[in-house]
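> Structure in structure tokens, see below.
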Amino acid sequence: MTHTDVKTALLALEQPERASFVARFFKTRPGQYGEGDQFLGLSMPQQHAIARQFRLLPADDVEQLLHDPYHECRMTALLIWVYQARKTGITGRADLADRYLANRQYVNNWDLVDVTCPAILGEYLLHTDRSVLYDLARQDHLWSQRIAMVSTLAFIRKGQFADTFALAELLLTHKHDLIHKAIGWMLREVGKRSPEALEEFLHDHIRQMPRTALRYAIEKFDPARRQYYLKL
């Protein structure tokens, strides 16, 4: 079982017409955030199925697959690490987290980040020092910054909000819409569990929040409450 076996399985499911649509959706034209990315046109269920089939693929082979120019190869590689992270102990999780960070230049679109970083990085950091997220947030690298923000979903699920708020505050002045969306999404997840905590954050930071982040954050509020915040 090697990375070439996984790629062969993915290529067998190629859908060129769907690939053209997906490439437009993920902004692959010159100057866009996904510039130059290549697609096979597979669905997420198909990629999950292949990842489960090859979930025992050695880590070095997963890395080779992650370096592939096809988006679905990179996603499948990351999904394999997600499955492996769920089945291993703390030492195995540490190794996967280290490999994830070392290869984050290939985790280079929002779906690759969002589907994988909470399980591979966030859940590992539940039990260790989290300063790496602040290092990532301070880098001038869009995907590292999104990884930092979205990884906190693992903490939110455990009722831990402090890092989400601290990283959101650190990134509030970011210029990119994809970071605004990530901030708003994580704040919304906090609000599902503690509306009071979210409203306290909004009270302190609403003047600095990008409108996209605010709209995402308050999406689950009742209409009157949403309008209140939108008019501030």
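Identifiers in the structure tokens: chain A, B, ... in order shown; residue index from 1 per chain; ligand index from 1 in order shown.
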Give me the residues near segment 181-191 of chain A as a ChimeraX atom specification, where near means some atom within 12 Å (using only C-alpha atoms) and where sequence neighbours in that chain fewer than 6 positions away do not count.
/A:110-111,113-114,118,137,142-143,145-175,197-202,205-206,209-221
> Give me, as a PDB file with N, CA, C and O atoms, in the first residue's frame, all polymer residues having an atom no more than 10 Å from Ala94 of chain A, counting only C-alpha atoms and skipping those fewer than 4 positions away in the same chain.

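Listed below is the output, out-v5.pdb:
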```
ATOM      1  N   ALA A  85      -5.531  10.058  13.548  1.00  0.00           N
ATOM      2  CA  ALA A  85      -5.485  10.807  14.805  1.00  0.00           C
ATOM      3  C   ALA A  85      -6.534  10.320  15.797  1.00  0.00           C
ATOM      4  O   ALA A  85      -6.302  10.315  17.009  1.00  0.00           O
ATOM      5  N   THR A  88      -5.135   6.885  17.521  1.00  0.00           N
ATOM      6  CA  THR A  88      -3.801   6.755  18.090  1.00  0.00           C
ATOM      7  C   THR A  88      -3.726   7.414  19.454  1.00  0.00           C
ATOM      8  O   THR A  88      -4.646   8.126  19.874  1.00  0.00           O
ATOM      9  N   GLY A  89      -2.618   7.196  20.159  1.00  0.00           N
ATOM     10  CA  GLY A  89      -2.400   7.800  21.466  1.00  0.00           C
ATOM     11  C   GLY A  89      -1.720   9.151  21.360  1.00  0.00           C
ATOM     12  O   GLY A  89      -1.544   9.697  20.263  1.00  0.00           O
ATOM     13  N   ILE A  90      -1.293   9.688  22.504  1.00  0.00           N
ATOM     14  CA  ILE A  90      -0.761  11.038  22.543  1.00  0.00           C
ATOM     15  C   ILE A  90       0.515  11.168  21.726  1.00  0.00           C
ATOM     16  O   ILE A  90       0.739  12.180  21.052  1.00  0.00           O
ATOM     17  N   ASP A  98       2.798  17.457  14.299  1.00  0.00           N
ATOM     18  CA  ASP A  98       4.069  17.989  13.801  1.00  0.00           C
ATOM     19  C   ASP A  98       4.147  17.897  12.281  1.00  0.00           C
ATOM     20  O   ASP A  98       4.594  18.831  11.607  1.00  0.00           O
ATOM     21  N   ARG A  99       3.726  16.759  11.740  1.00  0.00           N
ATOM     22  CA  ARG A  99       3.748  16.593  10.288  1.00  0.00           C
ATOM     23  C   ARG A  99       2.782  17.569   9.610  1.00  0.00           C
ATOM     24  O   ARG A  99       3.078  18.128   8.543  1.00  0.00           O
ATOM     25  N   TYR A 100       1.630  17.759  10.218  1.00  0.00           N
ATOM     26  CA  TYR A 100       0.633  18.685   9.680  1.00  0.00           C
ATOM     27  C   TYR A 100       1.222  20.089   9.586  1.00  0.00           C
ATOM     28  O   TYR A 100       1.122  20.757   8.544  1.00  0.00           O
ATOM     29  N   ILE A 120      -6.741  17.136  13.747  1.00  0.00           N
ATOM     30  CA  ILE A 120      -5.318  16.804  13.740  1.00  0.00           C
ATOM     31  C   ILE A 120      -4.531  17.685  14.697  1.00  0.00           C
ATOM     32  O   ILE A 120      -3.669  17.202  15.440  1.00  0.00           O
ATOM     33  N   LEU A 121      -4.796  18.969  14.698  1.00  0.00           N
ATOM     34  CA  LEU A 121      -4.039  19.899  15.528  1.00  0.00           C
ATOM     35  C   LEU A 121      -4.796  20.304  16.789  1.00  0.00           C
ATOM     36  O   LEU A 121      -4.263  20.205  17.892  1.00  0.00           O
ATOM     37  N   TYR A 124      -5.183  17.598  19.522  1.00  0.00           N
ATOM     38  CA  TYR A 124      -3.881  17.346  20.163  1.00  0.00           C
ATOM     39  C   TYR A 124      -3.565  18.448  21.168  1.00  0.00           C
ATOM     40  O   TYR A 124      -3.091  18.187  22.292  1.00  0.00           O
ATOM     41  N   LEU A 125      -3.823  19.701  20.803  1.00  0.00           N
ATOM     42  CA  LEU A 125      -3.476  20.831  21.656  1.00  0.00           C
ATOM     43  C   LEU A 125      -4.377  20.954  22.882  1.00  0.00           C
ATOM     44  O   LEU A 125      -4.080  21.747  23.783  1.00  0.00           O
ATOM     45  N   THR A 128      -1.863  20.042  25.636  1.00  0.00           N
ATOM     46  CA  THR A 128      -0.492  20.556  25.671  1.00  0.00           C
ATOM     47  C   THR A 128      -0.500  22.057  25.422  1.00  0.00           C
ATOM     48  O   THR A 128      -1.554  22.680  25.285  1.00  0.00           O
TER      49      THR A 128
END
```
> When you count only C-alpha atoms, which of these residues is closest to Ala12 of chain A: A:Ala59, A:Leu40, A:Asp135, A:Leu96?
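Checking each candidate against Ala12 of chain A, we get A:Leu40 as the closest.
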> Neighbouring residues of Ser43 of chain A were defined as those with any atom within 10 Å, considering only C-alpha atoms; residues of the same chain fewer than 6 positions away were excluded. Please report them as a VMD selection string.
chain A and resid 13 to 15 18 to 19 22 72
> Out of A:His176, A:Thr4, A:Tyr228, A:Trp81, which residue has the shortest atom-to-atom distance to Arg52 of chain A when counting only C-alpha atoms?
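Selected residue with least distance to Arg52 of chain A: A:Trp81.
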> Select, from A:Ile80, A:Leu230, A:Leu136, A:Val107, the residue with the minimum atom-to-atom distance to His48 of chain A, counting only C-alpha atoms.
A:Ile80
> I'd like the contact shell of segment 26-30 of chain A - 12 Å cut-off, only C-alpha atoms, skipping same-chain residues fewer than 4 positions apart - returned as a PDB file with C-alpha atoms, in the first residue's frame.

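Writing done, so here's result14.pdb:
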```
ATOM      1  CA  ALA A  19     -13.767  19.446 -11.824  1.00  0.00           C
ATOM      2  CA  SER A  20     -14.215  22.590 -13.946  1.00  0.00           C
ATOM      3  CA  PHE A  21     -17.067  23.788 -11.747  1.00  0.00           C
ATOM      4  CA  VAL A  22     -15.197  23.037  -8.518  1.00  0.00           C
ATOM      5  CA  GLY A  34      -6.615  29.158  -4.887  1.00  0.00           C
ATOM      6  CA  GLU A  35      -4.582  30.166  -7.916  1.00  0.00           C
ATOM      7  CA  GLY A  36      -3.264  27.203  -9.887  1.00  0.00           C
ATOM      8  CA  ASP A  37      -4.985  24.459  -7.883  1.00  0.00           C
ATOM      9  CA  GLN A  38      -6.032  21.400  -9.883  1.00  0.00           C
ATOM     10  CA  PHE A  39      -9.141  19.270  -9.360  1.00  0.00           C
ATOM     11  CA  GLY A  41     -14.001  16.588  -9.520  1.00  0.00           C
ATOM     12  CA  HIS A  71      -6.643  19.038  -4.549  1.00  0.00           C
ATOM     13  CA  ASN A 108      -3.688  25.553   1.003  1.00  0.00           C
ATOM     14  CA  ASN A 109      -7.405  26.127   0.684  1.00  0.00           C
ATOM     15  CA  TRP A 110     -10.150  26.774   3.200  1.00  0.00           C
ATOM     16  CA  ASP A 111     -11.764  23.346   2.904  1.00  0.00           C
ATOM     17  CA  LEU A 112      -8.437  21.577   3.450  1.00  0.00           C
ATOM     18  CA  LEU A 178     -11.512  34.184   4.625  1.00  0.00           C
TER      19      LEU A 178
END
```
> Identify all residues of segment 34-218 of chain A in alpha helix (DSSP H) (DSSP on the backbone) and supply them as an MDAnalysis selection string.
chainID A and resid 44:53 59:66 71:87 90:102 110:117 123:125 131:137 142:150 153:156 162:171 177:193 195:205 211:217
> Just the residues within 10 Å of Ala51 of chain A, please, counting only C-alpha atoms, with nothing from its chain fewer than 2 positions along; format it as a ChimeraX atom specification.
/A:6,10,45-49,53-57,73,75-83
> In Å to one decimal, how far is atom CA of Lys87 of chain A from atom CA of Arg130 of chain A?
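Separating atom CA of Arg130 of chain A from atom CA of Lys87 of chain A is a distance of 21.8 Å.
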> In Å, how far is it from atom CA of Leu126 of chain A to atom CA of Arg93 of chain A?
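So the two atoms, atom CA of Leu126 of chain A and atom CA of Arg93 of chain A, lie 11.1 Å apart.
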